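Undergrad: Below: one structure in C-alpha cells.
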Amino acid sequence: MNDRSGQAGGTRWQGRSGRKEIFNLAALLLAMALVAAACTGATPPEEVGGGEAPAEGAAPGDGGDEGDGDDQTGVNNPNTYVHASDGEPLSLDPARAALGEYGEQVILQVYEFLVNVPPDSPELEPMLATEVPSGDNGLISDDGLTYTFPIREGVTFHDGSELTAEVVKYSWDRVMEMDLPEGQASQLDDAIAETRVVDDYTFEVTLSEANAAFLTSVVFSTPAAIVSMEAVEANGGVVAGQPNDFMDANMVGTGAHQFVSWERNEQLTFESFEDYWGEASTFDARWQNIPELAARTLALRAGDIDSMQSTPLIVEELGDAEGACLDTEGVLLEPFQLAFNLDIPEGVLPEEDTVPTDFFHDARVRQAFNYTFDYDAFIEGVLNGFGEPASYIPPGVLGHSEDAPVYTQDLERAEELFREAGWWDEGFTVSVLVEDSETFEPIGLILADSLAQLNPNFHVNVLTVSESQFDEAHSQTPFEFAMWIKNADPFVDPHPYMDVYWHPEGDWGQRLGYANGYENPDQIAELIDAGKTSTDADERVEIYQELLQLLHDDPMWIYPAQEGNVQAYRCWVDGFAYNPLWKAMRWRYYEKG
C-alpha cells in the first residue's frame with residue numbers, strides 16, 4: 001500500500017512535521033484558548049442565537065433549498081430533513097460496513113433491529129421483536145445461552161416483502177456466511193452457536209457461551225440489521241467471502257425512511273415510508289456530503305440544512321446564529337484514541353521512520369508517550385473546553401469509575417522512562433496516520449509538539465489523509481504504520497470496549513500484536529472474558545476495576561480525552577434528541593416546524 005516515494009494507493013500522503021507545524025499548532029492552541037475563555041460550559045438550546053425559530057410570517061433563512069421551498073413560518077425545506085456530514089459511506093451493506101465507518105450512520109436511518117435504544121435511555125426497547133428477552137419473561141433460558149425473539153407481525157420491507165422469523169435468520173446467517181474482512185461478522189459469529197426458526201414469527205438464538213453484552217452489543221449492532229431476503233436473492237444472493245454489489249449501493253429495510261439514491265461524493269436521498277409499521281415520518285430526508293466544517297456551519301446558519309456533524313469548535317461560531325440550537329449536555333461515549341502498533345512487518349514503515357518494528361513492545365515506551373501528551377492543550381484548546389480526561393470505560397457505562405487511573409502530562413516521569421528504555425540520547429522519528437479532521441489531526445500535532453519540547457531528538461511525522469484513505473489503510477492487515485488516531489465507537493456495555501480495543505485476541509489486539517507487549521496477556525484475556533460471561537453486575541464491576549488498573553499500567557493506547565457532546569441543529573427541528581449510543585442523529589424521531 002505504501003511505497004517509498006510517499007505515495008499511498010496512488011495518492012500523496014500529506015506529511016506534516018517540523019518547526020513550521022509546531023509554530024502553527026501553538027498559534028492554533030492560543031486562538032482556541034481565547035475561544036474557550038469566552039465559553040463557560042454547556043449552552044442550553046434556547047440561549048443560542050435567540051434559541052427559537054423565526055416567528056410566523058418572518059422571512060425564511062438565507063439560501064434555502066429551492067427545490068423544496070419555504071413555508072410561511074420561516075422553516076426552510078419543510079418537507080425534507082437535511083443533515084450535513086463531512087463524508088459518506090464506503091458501503092451501505094450491514095454485512096460490509098466497518099466499525100465506525102459512515103455506513104453505520106446511514107444504515108441506522110433505513111434498517112432496523114430486533115431491539116432498539118430509545119432517545120432518552122440506555123435501556124433497550126422492542127423494535128422488530130415485540131419483547132426484549134429477559135429471564136423474567138422467560139425468553140432467556142436458565143443457563144443464559146438461548147434467547148427467544150417473538151417477531152413483530154405485519155411489518156413490510158421497502159420492497160413490499162414481509163418480515164418473518166425466516167428473514168431474520170437469513171439476515172444474520174448472511175453476514176456470518178459472507179464473513180467480509182472489512183465488515184463486522186465477528187460480532188455475530190463469535191457469540192452465536194446456532195440460529196433457528198421456531199415458527200413464522202419466533203426466532204431463536206443459541207450462544208456459544210453466556211454473554212452479558214449480547215442484547216446491547218450484538219443484537220443492537222450494525223451486522224444484526226434485518227435486510228430484505230427477497231432483495232438480496234434477486235440481486236446476487238449470498239456468496240461466501242464476496243461483497244454484494246447491489247447491497248453495497250442500495251438499502252432495503254423496514255425503517256421509517258427508505259433509500260432512494262446515492263450521488264457519490266454529493267448526497268444520499270431518502271423518502272418517508274408510508275407503510276411503516278410504526279409512526280411514519282412527516283418528511284423525506286437527505287444526507288449531504290460537506291467535508292469542510294466552515295461550510296457546514298455556514299449552511300446551518302443560513303438554514304440550508306437542519307443539522308450537521310459537529311465538533312466543539314463550532315460552539316462560539318454558532319453562539320450568535322439566529323435560529324440555531326446547540327445540544328451540549330453530557331459526553332459522547334467515543335473517547336479519542338491514539339494507537340500503538342506492536343505487529344509491524346519488516347520494511348513497511350515510511351522511510352523517514354527510524355523506530356524498529358518492536359519499538360512499542362516495551363511498556364516503558366508506551367507509558368512515556370502517555371506521560372508526554374499534553375491533555376490540557378487538547379481539551380481546553382482544540383475541544384474548546386468540551387471534554388474531560390478519558391478512562392477506558394466511558395461515563396454511564398457499567399464499570400466506569402471516577403477514581404479510575406488516568407494519565408496526565410508528567411514530563412519528568414516521561415524522561416525517566418525514555419532514559420530507562422534507552423531512547424533518550426538516540427532519539428527517534430515515527431509517523432502517525434490520521435484522518436483529515438478538525439479534532440483528529442490536532443491530536444497528532446500536539447503529540448509531535450509535546451515530544452519535541454521534551455527532547456528535540458524526538459520527531460513525529462503526522463501523515464494526514466482523507467477519510468476514505470484512512471479507512472482503507474485502517475482496514476488493512478497488517479497495519480503499515482506505527483501509530484494511528486481515531487475515536488472509539490459507542491457501546492452500551494463495557495465488554496465491547498474491552499474486547500475490541502484491549503483484548504489480546506480482540507479486533508485490534510490481533511491486528512496490532514498486543515500479545516507482543518502485554519506483561520501478562522493471558523491474565524488480561526481471562527479477565528475480559530470473565531467480564532463477558534458473568535451475569536452478576538457486582539462481580540463484573542470488580543473485574544473491570546481490576547482491568548482499569550492493569551490496562552493503565554500496561555497501555556496499548558493514548559486516550560487524549562473524552563469528548564463532550566456537541567450537536568448543532570436548527571431550532572425549528574421539533575423533538576430533537578441525541579442518545580450517545582446511537583452513533584448518529586436519528587431523523588425518525590424528529591419533526592420540523
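By order in the C-alpha cells, chains are A, B, ...; within a chain, residues start at 1; ligands start at 1, following the order shown.
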Can I get the residues of range 369-440 of chain A within 7 Å of range 340-354 of chain A, each with the closest pair of atoms and their distance in Å to one decimal, using only C-alpha atoms, sorted chain first then ascending number, as CSV?
TA:
```
residue,atom,partner,partner_atom,distance
A:Phe428,CA,A:Thr354,CA,5.7
A:Thr429,CA,A:Asp353,CA,5.0
A:Val430,CA,A:Asp353,CA,4.8
A:Ser431,CA,A:Asp353,CA,6.3
```
Undergrad: Please provide the set of residues having any atom within 8 Å of Phe270 in chain A, restricted to only C-alpha atoms, with same-chain residues fewer than 3 positions apart removed, written as a PyMOL selection string.
TA: chain A and resi 257-261+284-286
Undergrad: Let's see if you can do this: from backbone DSSP, list all strand (DSSP E) residues in range 260-509 of chain A, as an NGL selection string.
TA: :A and (260-263 or 267-272 or 284-289 or 307-308 or 324-327 or 336-340 or 387-388 or 428-435 or 458-465 or 483-487)
Undergrad: Could you dump the residues just selected with N, CA and C atoms as a compact mmCIF listing (two decimals), in the first residue's frame?
TA:
```
# COMPACT_ATOMS: atom_id res chain seq x y z
N VAL A 260 -33.49 6.11 -1.60
CA VAL A 260 -33.88 6.50 -2.96
C VAL A 260 -32.68 6.47 -3.89
N SER A 261 -31.61 7.21 -3.55
CA SER A 261 -30.47 7.29 -4.46
C SER A 261 -29.22 7.72 -3.72
N TRP A 262 -28.09 7.47 -4.36
CA TRP A 262 -26.79 7.86 -3.83
C TRP A 262 -25.99 8.51 -4.95
N GLU A 263 -25.81 9.81 -4.86
CA GLU A 263 -24.94 10.53 -5.78
C GLU A 263 -23.58 10.64 -5.12
N GLN A 267 -24.48 13.40 -2.21
CA GLN A 267 -25.60 13.23 -1.29
C GLN A 267 -26.26 11.86 -1.43
N LEU A 268 -26.97 11.49 -0.36
CA LEU A 268 -27.86 10.34 -0.38
C LEU A 268 -29.26 10.86 -0.08
N THR A 269 -30.27 10.34 -0.77
CA THR A 269 -31.63 10.82 -0.57
C THR A 269 -32.53 9.67 -0.11
N PHE A 270 -33.53 10.05 0.69
CA PHE A 270 -34.43 9.08 1.31
C PHE A 270 -35.85 9.64 1.26
N GLU A 271 -36.82 8.74 1.26
CA GLU A 271 -38.23 9.13 1.32
C GLU A 271 -38.87 8.56 2.57
N SER A 272 -39.89 9.26 3.05
CA SER A 272 -40.68 8.71 4.13
C SER A 272 -41.40 7.46 3.64
N ASP A 284 -39.29 13.71 4.03
CA ASP A 284 -38.22 12.96 3.38
C ASP A 284 -36.89 13.41 4.00
N ALA A 285 -35.79 12.86 3.55
CA ALA A 285 -34.51 13.20 4.17
C ALA A 285 -33.39 13.18 3.13
N ARG A 286 -32.35 13.92 3.46
CA ARG A 286 -31.17 13.96 2.59
C ARG A 286 -29.91 14.05 3.45
N TRP A 287 -28.93 13.20 3.13
CA TRP A 287 -27.59 13.25 3.74
C TRP A 287 -26.69 13.98 2.76
N GLN A 288 -26.19 15.13 3.15
CA GLN A 288 -25.38 15.95 2.27
C GLN A 288 -23.92 15.86 2.68
N ASN A 289 -23.05 15.61 1.72
CA ASN A 289 -21.62 15.48 1.98
C ASN A 289 -20.96 16.85 1.86
N SER A 307 -29.38 19.93 10.40
CA SER A 307 -28.42 19.51 11.42
C SER A 307 -27.11 19.21 10.73
N MET A 308 -26.06 19.08 11.54
CA MET A 308 -24.74 18.88 10.95
C MET A 308 -23.88 18.03 11.87
N ALA A 324 -30.37 28.94 15.38
CA ALA A 324 -29.53 27.76 15.54
C ALA A 324 -29.54 27.32 17.00
N CYS A 325 -29.62 26.02 17.23
CA CYS A 325 -29.62 25.48 18.58
C CYS A 325 -28.45 24.53 18.76
N LEU A 326 -27.99 24.44 19.99
CA LEU A 326 -26.91 23.53 20.35
C LEU A 326 -27.35 22.64 21.50
N ASP A 327 -27.05 21.37 21.39
CA ASP A 327 -27.21 20.44 22.49
C ASP A 327 -25.80 20.14 23.00
N PHE A 336 -11.37 9.62 22.32
CA PHE A 336 -10.32 9.67 21.30
C PHE A 336 -9.23 8.67 21.66
N GLN A 337 -8.62 8.10 20.63
CA GLN A 337 -7.60 7.07 20.84
C GLN A 337 -6.42 7.28 19.89
N LEU A 338 -5.24 7.08 20.41
CA LEU A 338 -4.02 7.09 19.61
C LEU A 338 -3.36 5.73 19.81
N ALA A 339 -3.28 4.94 18.74
CA ALA A 339 -2.92 3.53 18.83
C ALA A 339 -1.42 3.30 18.68
N PHE A 340 -0.93 2.27 19.39
CA PHE A 340 0.42 1.77 19.22
C PHE A 340 0.36 0.46 18.44
N GLY A 387 -14.77 18.65 27.05
CA GLY A 387 -14.15 17.35 27.15
C GLY A 387 -13.64 17.14 28.56
N GLU A 388 -13.20 15.93 28.83
CA GLU A 388 -12.69 15.60 30.15
C GLU A 388 -11.70 14.45 29.99
N PHE A 428 14.41 9.40 18.01
CA PHE A 428 13.68 8.59 17.04
C PHE A 428 12.80 9.49 16.17
N THR A 429 12.38 8.94 15.04
CA THR A 429 11.34 9.54 14.20
C THR A 429 10.28 8.48 13.97
N VAL A 430 9.02 8.84 14.19
CA VAL A 430 7.92 7.90 14.00
C VAL A 430 6.77 8.64 13.33
N SER A 431 6.06 7.94 12.44
CA SER A 431 4.93 8.54 11.74
C SER A 431 3.62 8.06 12.35
N VAL A 432 2.63 8.97 12.36
CA VAL A 432 1.30 8.64 12.85
C VAL A 432 0.30 8.97 11.74
N LEU A 433 -0.55 8.01 11.42
CA LEU A 433 -1.55 8.19 10.37
C LEU A 433 -2.81 8.76 10.98
N VAL A 434 -3.37 9.81 10.34
CA VAL A 434 -4.54 10.47 10.91
C VAL A 434 -5.46 10.94 9.79
N GLU A 435 -6.74 10.78 10.04
CA GLU A 435 -7.75 11.30 9.11
C GLU A 435 -7.80 12.82 9.18
N PHE A 458 13.33 13.82 19.44
CA PHE A 458 12.11 13.04 19.24
C PHE A 458 11.27 13.72 18.16
N HIS A 459 10.96 12.99 17.09
CA HIS A 459 10.23 13.57 15.96
C HIS A 459 9.00 12.71 15.63
N VAL A 460 7.88 13.37 15.44
CA VAL A 460 6.65 12.71 15.00
C VAL A 460 6.24 13.32 13.67
N ASN A 461 6.07 12.49 12.67
CA ASN A 461 5.62 12.92 11.35
C ASN A 461 4.12 12.62 11.24
N VAL A 462 3.30 13.65 11.20
CA VAL A 462 1.85 13.48 11.15
C VAL A 462 1.41 13.35 9.69
N LEU A 463 0.95 12.15 9.32
CA LEU A 463 0.53 11.86 7.95
C LEU A 463 -0.98 12.04 7.87
N THR A 464 -1.41 13.15 7.29
CA THR A 464 -2.82 13.49 7.24
C THR A 464 -3.40 13.08 5.89
N VAL A 465 -4.45 12.26 5.92
CA VAL A 465 -5.05 11.74 4.70
C VAL A 465 -6.56 11.93 4.75
N MET A 483 1.66 4.10 14.32
CA MET A 483 0.63 4.72 15.15
C MET A 483 -0.49 5.23 14.26
N TRP A 484 -1.70 5.35 14.83
CA TRP A 484 -2.80 5.99 14.13
C TRP A 484 -3.76 6.59 15.15
N ILE A 485 -4.62 7.50 14.66
CA ILE A 485 -5.51 8.26 15.54
C ILE A 485 -6.95 8.12 15.06
N LYS A 486 -7.84 7.83 15.97
CA LYS A 486 -9.27 7.77 15.66
C LYS A 486 -10.02 7.96 16.98
N ASN A 487 -11.27 7.56 17.01
CA ASN A 487 -12.00 7.51 18.27
C ASN A 487 -12.71 6.17 18.38
```
Undergrad: Could you tell me, as a list of chain:residue names, which residues of range 178-226 of chain A DSSP assigns to helix (DSSP H, G or I) when given the backbone?
TA: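 The residues of range 178-226 of chain A classed as helix (DSSP H, G or I) are A:Met178, A:Ala185, A:Ser186, A:Gln187, A:Leu188, A:Asp189, A:Phe214, A:Leu215, A:Thr216, A:Ser217, A:Val218, A:Val219, A:Thr222, A:Pro223, A:Ala224.
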Undergrad: From the set A:Gly103, A:Gly303, A:Gly255, A:Pro122, which residue has the shortest atom-to-atom contact distance to Val82 in chain A, counting only C-alpha atoms?
TA: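 Residue with the minimum atom-to-atom distance to Val82 in chain A: A:Gly303.
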Undergrad: Could you name the residues that touch Pro580 in chain A at 9 Å or less, counting only C-alpha atoms, but leaving out those on the same chain fewer than 2 positions away, as a ChimeraX atom specification?
TA: /A:330-334,490-491,565,578,582-584
Undergrad: Convert the current residue selection to file output with all heavy atoms, as a compact mmCIF listing (two decimals), in the first residue's frame.
TA:
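Heads up, here's the output in part-v7.txt:
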```txt
# COMPACT_ATOMS: atom_id res chain seq x y z
N GLY A 330 -23.82 16.55 28.58
CA GLY A 330 -23.20 15.24 28.71
C GLY A 330 -21.96 15.07 27.84
O GLY A 330 -21.41 16.02 27.27
N VAL A 331 -21.52 13.82 27.74
CA VAL A 331 -20.34 13.49 26.95
C VAL A 331 -20.70 12.40 25.95
O VAL A 331 -21.67 11.66 26.12
CB VAL A 331 -19.17 13.00 27.84
CG1 VAL A 331 -18.71 14.10 28.77
CG2 VAL A 331 -19.55 11.74 28.62
N LEU A 332 -19.89 12.30 24.90
CA LEU A 332 -20.01 11.20 23.95
C LEU A 332 -19.32 9.98 24.54
O LEU A 332 -18.40 10.10 25.34
CB LEU A 332 -19.38 11.58 22.62
CG LEU A 332 -19.96 12.80 21.92
CD1 LEU A 332 -19.23 13.06 20.60
CD2 LEU A 332 -21.46 12.65 21.66
N LEU A 333 -19.75 8.82 24.14
CA LEU A 333 -19.15 7.58 24.63
C LEU A 333 -18.11 7.07 23.64
O LEU A 333 -17.97 5.87 23.42
CB LEU A 333 -20.25 6.53 24.86
CG LEU A 333 -21.38 6.95 25.79
CD1 LEU A 333 -22.35 5.81 26.00
CD2 LEU A 333 -20.85 7.45 27.12
N GLU A 334 -17.37 8.00 23.06
CA GLU A 334 -16.42 7.68 21.99
C GLU A 334 -15.07 8.33 22.28
O GLU A 334 -14.67 9.27 21.61
CB GLU A 334 -16.95 8.17 20.65
CG GLU A 334 -18.36 7.73 20.34
CD GLU A 334 -18.97 8.47 19.16
OE1 GLU A 334 -18.21 8.92 18.28
OE2 GLU A 334 -20.20 8.61 19.12
N PRO A 490 -19.29 3.95 20.27
CA PRO A 490 -20.10 3.89 21.50
C PRO A 490 -20.74 2.52 21.70
O PRO A 490 -21.23 1.92 20.75
CB PRO A 490 -21.16 4.97 21.25
CG PRO A 490 -21.30 5.02 19.76
CD PRO A 490 -19.95 4.71 19.20
N PHE A 491 -20.71 2.05 22.92
CA PHE A 491 -21.34 0.79 23.27
C PHE A 491 -22.13 0.95 24.56
O PHE A 491 -21.78 1.76 25.42
CB PHE A 491 -20.28 -0.31 23.45
CG PHE A 491 -19.48 -0.62 22.22
CD1 PHE A 491 -18.15 -0.21 22.12
CD2 PHE A 491 -20.03 -1.32 21.16
CE1 PHE A 491 -17.40 -0.49 21.00
CE2 PHE A 491 -19.29 -1.60 20.03
CZ PHE A 491 -17.97 -1.18 19.94
N ASN A 565 -20.39 16.21 24.46
CA ASN A 565 -21.43 16.17 23.43
C ASN A 565 -21.70 17.57 22.89
O ASN A 565 -21.99 18.49 23.66
CB ASN A 565 -22.72 15.60 24.02
CG ASN A 565 -23.88 15.69 23.06
OD1 ASN A 565 -23.80 15.26 21.92
ND2 ASN A 565 -24.97 16.29 23.52
N TYR A 578 -30.58 13.32 21.12
CA TYR A 578 -29.40 12.57 20.67
C TYR A 578 -28.95 11.67 21.80
O TYR A 578 -28.57 12.13 22.87
CB TYR A 578 -28.26 13.50 20.27
CG TYR A 578 -27.06 12.72 19.76
CD1 TYR A 578 -27.07 12.19 18.49
CD2 TYR A 578 -25.95 12.49 20.58
CE1 TYR A 578 -26.00 11.44 18.01
CE2 TYR A 578 -24.88 11.75 20.11
CZ TYR A 578 -24.91 11.23 18.84
OH TYR A 578 -23.85 10.47 18.38
N TRP A 582 -26.24 5.98 19.86
CA TRP A 582 -26.76 5.80 18.51
C TRP A 582 -25.70 5.81 17.41
O TRP A 582 -25.91 5.27 16.34
CB TRP A 582 -27.75 6.93 18.19
CG TRP A 582 -29.10 6.77 18.82
CD1 TRP A 582 -29.59 5.66 19.44
CD2 TRP A 582 -30.13 7.76 18.86
NE1 TRP A 582 -30.87 5.90 19.88
CE2 TRP A 582 -31.23 7.18 19.52
CE3 TRP A 582 -30.23 9.07 18.40
CZ2 TRP A 582 -32.41 7.88 19.74
CZ3 TRP A 582 -31.39 9.76 18.61
CH2 TRP A 582 -32.48 9.17 19.28
N LYS A 583 -24.62 6.51 17.59
CA LYS A 583 -23.58 6.72 16.57
C LYS A 583 -23.98 7.77 15.55
O LYS A 583 -23.16 8.16 14.71
CB LYS A 583 -23.23 5.43 15.83
CG LYS A 583 -22.73 4.31 16.71
CD LYS A 583 -22.27 3.12 15.89
CE LYS A 583 -21.79 2.00 16.81
NZ LYS A 583 -21.26 0.86 16.04
N ALA A 584 -25.23 8.22 15.54
CA ALA A 584 -25.68 9.24 14.58
C ALA A 584 -27.02 9.79 15.05
O ALA A 584 -27.75 9.15 15.80
CB ALA A 584 -25.84 8.63 13.18
```
Undergrad: Just the residues within 12 Å of Tyr276 in chain A, please, counting only C-alpha atoms, with nothing from its chain fewer than 6 positions along; format it as JSON, numbers by chain.
TA: {"A": [110, 111, 112, 128, 154, 155, 156, 157, 158, 159, 160, 162, 253, 254, 255, 256, 257, 258, 282, 588]}
Undergrad: Which residues of range 540-583 of chain A come within 12 Å of range 398-413 of chain A, and for each one, what is the closest pair of atoms and their distance in Å to one decimal, counting only C-alpha atoms, sorted by chain and residue number, as a Markdown table?
TA:
```
| residue | atom | partner | partner_atom | distance |
| --- | --- | --- | --- | --- |
| A:Arg540 | CA | A:Gly399 | CA | 7.3 |
| A:Val541 | CA | A:Gly399 | CA | 4.7 |
| A:Glu542 | CA | A:Gly399 | CA | 7.8 |
| A:Ile543 | CA | A:Gly399 | CA | 8.3 |
| A:Tyr544 | CA | A:Gly399 | CA | 5.6 |
| A:Gln545 | CA | A:Gly399 | CA | 6.7 |
| A:Glu546 | CA | A:Ala404 | CA | 9.8 |
| A:Leu547 | CA | A:Gly399 | CA | 9.8 |
| A:Leu548 | CA | A:Ala404 | CA | 6.5 |
| A:Gln549 | CA | A:Pro405 | CA | 6.5 |
| A:Leu550 | CA | A:Pro405 | CA | 9.8 |
| A:Leu551 | CA | A:Pro405 | CA | 9.5 |
| A:His552 | CA | A:Pro405 | CA | 6.6 |
| A:Asp553 | CA | A:Pro405 | CA | 9.1 |
| A:Asp554 | CA | A:Tyr407 | CA | 11.9 |
| A:Pro555 | CA | A:Tyr407 | CA | 10.1 |
| A:Trp557 | CA | A:Tyr407 | CA | 11.0 |
| A:Ile558 | CA | A:Tyr407 | CA | 8.5 |
| A:Tyr559 | CA | A:Tyr407 | CA | 8.2 |
| A:Pro560 | CA | A:Tyr407 | CA | 9.0 |
| A:Ala561 | CA | A:Val406 | CA | 10.1 |
| A:Gln562 | CA | A:Val406 | CA | 11.4 |
```
Undergrad: Keeping only N, CA, C and O atoms, write the selected residues as a short mmCIF file (atom, residue, chain, number, x, y, z; two decimals), in the first residue's frame.
TA:
```cif
data_model
loop_
_atom_site.label_atom_id
_atom_site.label_comp_id
_atom_site.auth_asym_id
_atom_site.auth_seq_id
_atom_site.Cartn_x
_atom_site.Cartn_y
_atom_site.Cartn_z
N ARG A 540 -19.01 -8.17 37.86
CA ARG A 540 -18.46 -7.55 36.65
C ARG A 540 -17.76 -6.23 37.01
O ARG A 540 -16.68 -5.93 36.49
N VAL A 541 -18.37 -5.44 37.89
CA VAL A 541 -17.74 -4.17 38.28
C VAL A 541 -16.38 -4.43 38.92
O VAL A 541 -15.40 -3.74 38.61
N GLU A 542 -16.27 -5.44 39.77
CA GLU A 542 -14.99 -5.76 40.39
C GLU A 542 -13.95 -6.14 39.34
O GLU A 542 -12.78 -5.75 39.42
N ILE A 543 -14.38 -6.91 38.35
CA ILE A 543 -13.47 -7.32 37.28
C ILE A 543 -12.96 -6.10 36.52
O ILE A 543 -11.75 -5.97 36.25
N TYR A 544 -13.87 -5.18 36.21
CA TYR A 544 -13.46 -4.03 35.41
C TYR A 544 -12.60 -3.06 36.21
O TYR A 544 -11.72 -2.40 35.65
N GLN A 545 -12.80 -2.98 37.52
CA GLN A 545 -11.92 -2.15 38.34
C GLN A 545 -10.49 -2.68 38.28
O GLN A 545 -9.53 -1.91 38.19
N GLU A 546 -10.35 -3.99 38.35
CA GLU A 546 -9.02 -4.59 38.25
C GLU A 546 -8.41 -4.35 36.87
O GLU A 546 -7.22 -4.02 36.74
N LEU A 547 -9.23 -4.47 35.84
CA LEU A 547 -8.74 -4.26 34.48
C LEU A 547 -8.30 -2.82 34.26
O LEU A 547 -7.29 -2.56 33.60
N LEU A 548 -9.06 -1.87 34.78
CA LEU A 548 -8.71 -0.47 34.57
C LEU A 548 -7.31 -0.15 35.09
O LEU A 548 -6.57 0.61 34.46
N GLN A 549 -6.92 -0.74 36.20
CA GLN A 549 -5.58 -0.51 36.73
C GLN A 549 -4.53 -1.23 35.89
O GLN A 549 -3.48 -0.67 35.55
N LEU A 550 -4.79 -2.49 35.54
CA LEU A 550 -3.84 -3.25 34.74
C LEU A 550 -3.58 -2.60 33.39
O LEU A 550 -2.44 -2.52 32.93
N LEU A 551 -4.65 -2.14 32.74
CA LEU A 551 -4.52 -1.56 31.41
C LEU A 551 -3.87 -0.19 31.47
O LEU A 551 -3.21 0.23 30.51
N HIS A 552 -4.07 0.52 32.55
CA HIS A 552 -3.37 1.80 32.73
C HIS A 552 -1.87 1.56 32.85
O HIS A 552 -1.07 2.29 32.25
N ASP A 553 -1.48 0.54 33.59
CA ASP A 553 -0.06 0.27 33.80
C ASP A 553 0.61 -0.36 32.59
O ASP A 553 1.83 -0.29 32.46
N ASP A 554 -0.18 -0.96 31.72
CA ASP A 554 0.35 -1.65 30.53
C ASP A 554 -0.41 -1.16 29.30
O ASP A 554 -1.11 -1.92 28.63
N PRO A 555 -0.30 0.13 28.97
CA PRO A 555 -1.20 0.75 27.98
C PRO A 555 -0.91 0.34 26.55
O PRO A 555 0.25 0.14 26.17
N TRP A 557 -2.80 2.19 24.19
CA TRP A 557 -3.31 3.38 23.53
C TRP A 557 -2.94 4.61 24.35
O TRP A 557 -2.69 4.50 25.55
N ILE A 558 -2.98 5.77 23.72
CA ILE A 558 -3.10 7.04 24.42
C ILE A 558 -4.55 7.47 24.29
O ILE A 558 -5.11 7.43 23.19
N TYR A 559 -5.18 7.88 25.38
CA TYR A 559 -6.55 8.38 25.36
C TYR A 559 -6.51 9.89 25.60
O TYR A 559 -6.50 10.35 26.74
N PRO A 560 -6.51 10.71 24.54
CA PRO A 560 -6.37 12.16 24.70
C PRO A 560 -7.50 12.81 25.49
O PRO A 560 -7.27 13.76 26.23
N ALA A 561 -8.74 12.32 25.32
CA ALA A 561 -9.87 12.94 26.04
C ALA A 561 -11.15 12.17 25.77
O ALA A 561 -11.27 11.42 24.80
N GLN A 562 -12.10 12.40 26.65
CA GLN A 562 -13.49 12.01 26.43
C GLN A 562 -14.20 13.25 25.90
O GLN A 562 -14.29 14.26 26.60
#
```
Undergrad: A:Thr146, A:Asn265, A:Ser534, A:Gln109: which is nearest Pro133 in chain A, counting only C-alpha atoms?
TA: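 Closest to Pro133 in chain A, using only C-alpha atoms: A:Thr146.
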Undergrad: Restricting the calculation to only C-alpha atoms: of A:Leu451, A:Val382, A:Val198, A:Ala249, which residue gets closest to Arg264 in chain A?
TA: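 Between A:Leu451, A:Val382, A:Val198, A:Ala249, the residue approaching Arg264 in chain A most closely is A:Ala249.
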Undergrad: Give me the residues within 12 Å of Glu233 in chain A as a list in words, counting only C-alpha atoms and dropping any in the same chain fewer than 3 places off.
TA: Val167, Tyr170, Ser171, Arg174, Val227, Ser228, Met229, Glu230, Gly236, Gly237, Val238, Val239, Asn244, Phe246 and Met247 of chain A
Undergrad: Those selected residues, please, written with N, CA, C and O atoms and delivered as a short mmCIF file (atom, residue, chain, number, x, y, z; two decimals), in the first residue's frame.
TA:
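out_26.cif written:
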```cif
data_model
loop_
_atom_site.label_atom_id
_atom_site.label_comp_id
_atom_site.auth_asym_id
_atom_site.auth_seq_id
_atom_site.Cartn_x
_atom_site.Cartn_y
_atom_site.Cartn_z
N VAL A 167 -36.72 -14.52 7.65
CA VAL A 167 -35.97 -13.38 7.13
C VAL A 167 -34.94 -12.91 8.16
O VAL A 167 -33.81 -12.54 7.82
N TYR A 170 -32.15 -15.36 8.04
CA TYR A 170 -31.41 -15.14 6.80
C TYR A 170 -30.47 -13.94 6.93
O TYR A 170 -29.31 -14.00 6.48
N SER A 171 -30.95 -12.87 7.53
CA SER A 171 -30.14 -11.66 7.66
C SER A 171 -28.88 -11.92 8.46
O SER A 171 -27.78 -11.49 8.09
N ARG A 174 -26.57 -14.60 6.76
CA ARG A 174 -25.92 -14.00 5.58
C ARG A 174 -24.62 -13.31 5.97
O ARG A 174 -23.59 -13.48 5.31
N VAL A 227 -32.35 -7.28 6.88
CA VAL A 227 -32.43 -6.88 5.47
C VAL A 227 -33.50 -7.70 4.75
O VAL A 227 -33.92 -8.76 5.22
N SER A 228 -33.92 -7.21 3.60
CA SER A 228 -34.92 -7.91 2.79
C SER A 228 -34.29 -9.13 2.12
O SER A 228 -33.37 -9.00 1.31
N MET A 229 -34.78 -10.30 2.46
CA MET A 229 -34.28 -11.53 1.83
C MET A 229 -34.59 -11.53 0.33
O MET A 229 -33.75 -11.94 -0.49
N GLU A 230 -35.77 -11.05 -0.03
CA GLU A 230 -36.14 -11.02 -1.46
C GLU A 230 -35.21 -10.12 -2.25
O GLU A 230 -34.80 -10.46 -3.37
N GLY A 236 -28.07 -11.18 -6.68
CA GLY A 236 -26.78 -11.80 -6.45
C GLY A 236 -26.73 -12.80 -5.32
O GLY A 236 -25.79 -13.60 -5.24
N GLY A 237 -27.71 -12.75 -4.41
CA GLY A 237 -27.72 -13.71 -3.32
C GLY A 237 -26.54 -13.57 -2.38
O GLY A 237 -25.95 -12.50 -2.25
N VAL A 238 -26.21 -14.67 -1.72
CA VAL A 238 -25.13 -14.69 -0.74
C VAL A 238 -24.00 -15.58 -1.25
O VAL A 238 -24.22 -16.75 -1.56
N VAL A 239 -22.81 -15.01 -1.33
CA VAL A 239 -21.63 -15.76 -1.74
C VAL A 239 -20.57 -15.59 -0.66
O VAL A 239 -20.19 -14.47 -0.32
N ASN A 244 -21.61 -8.03 -1.95
CA ASN A 244 -22.76 -7.98 -2.84
C ASN A 244 -22.86 -6.56 -3.40
O ASN A 244 -23.12 -5.62 -2.66
N PHE A 246 -25.00 -5.01 -5.24
CA PHE A 246 -26.29 -4.34 -5.09
C PHE A 246 -26.44 -3.79 -3.67
O PHE A 246 -26.81 -2.63 -3.47
N MET A 247 -26.15 -4.61 -2.69
CA MET A 247 -26.32 -4.18 -1.30
C MET A 247 -25.29 -3.13 -0.90
O MET A 247 -25.54 -2.33 0.01
#
```
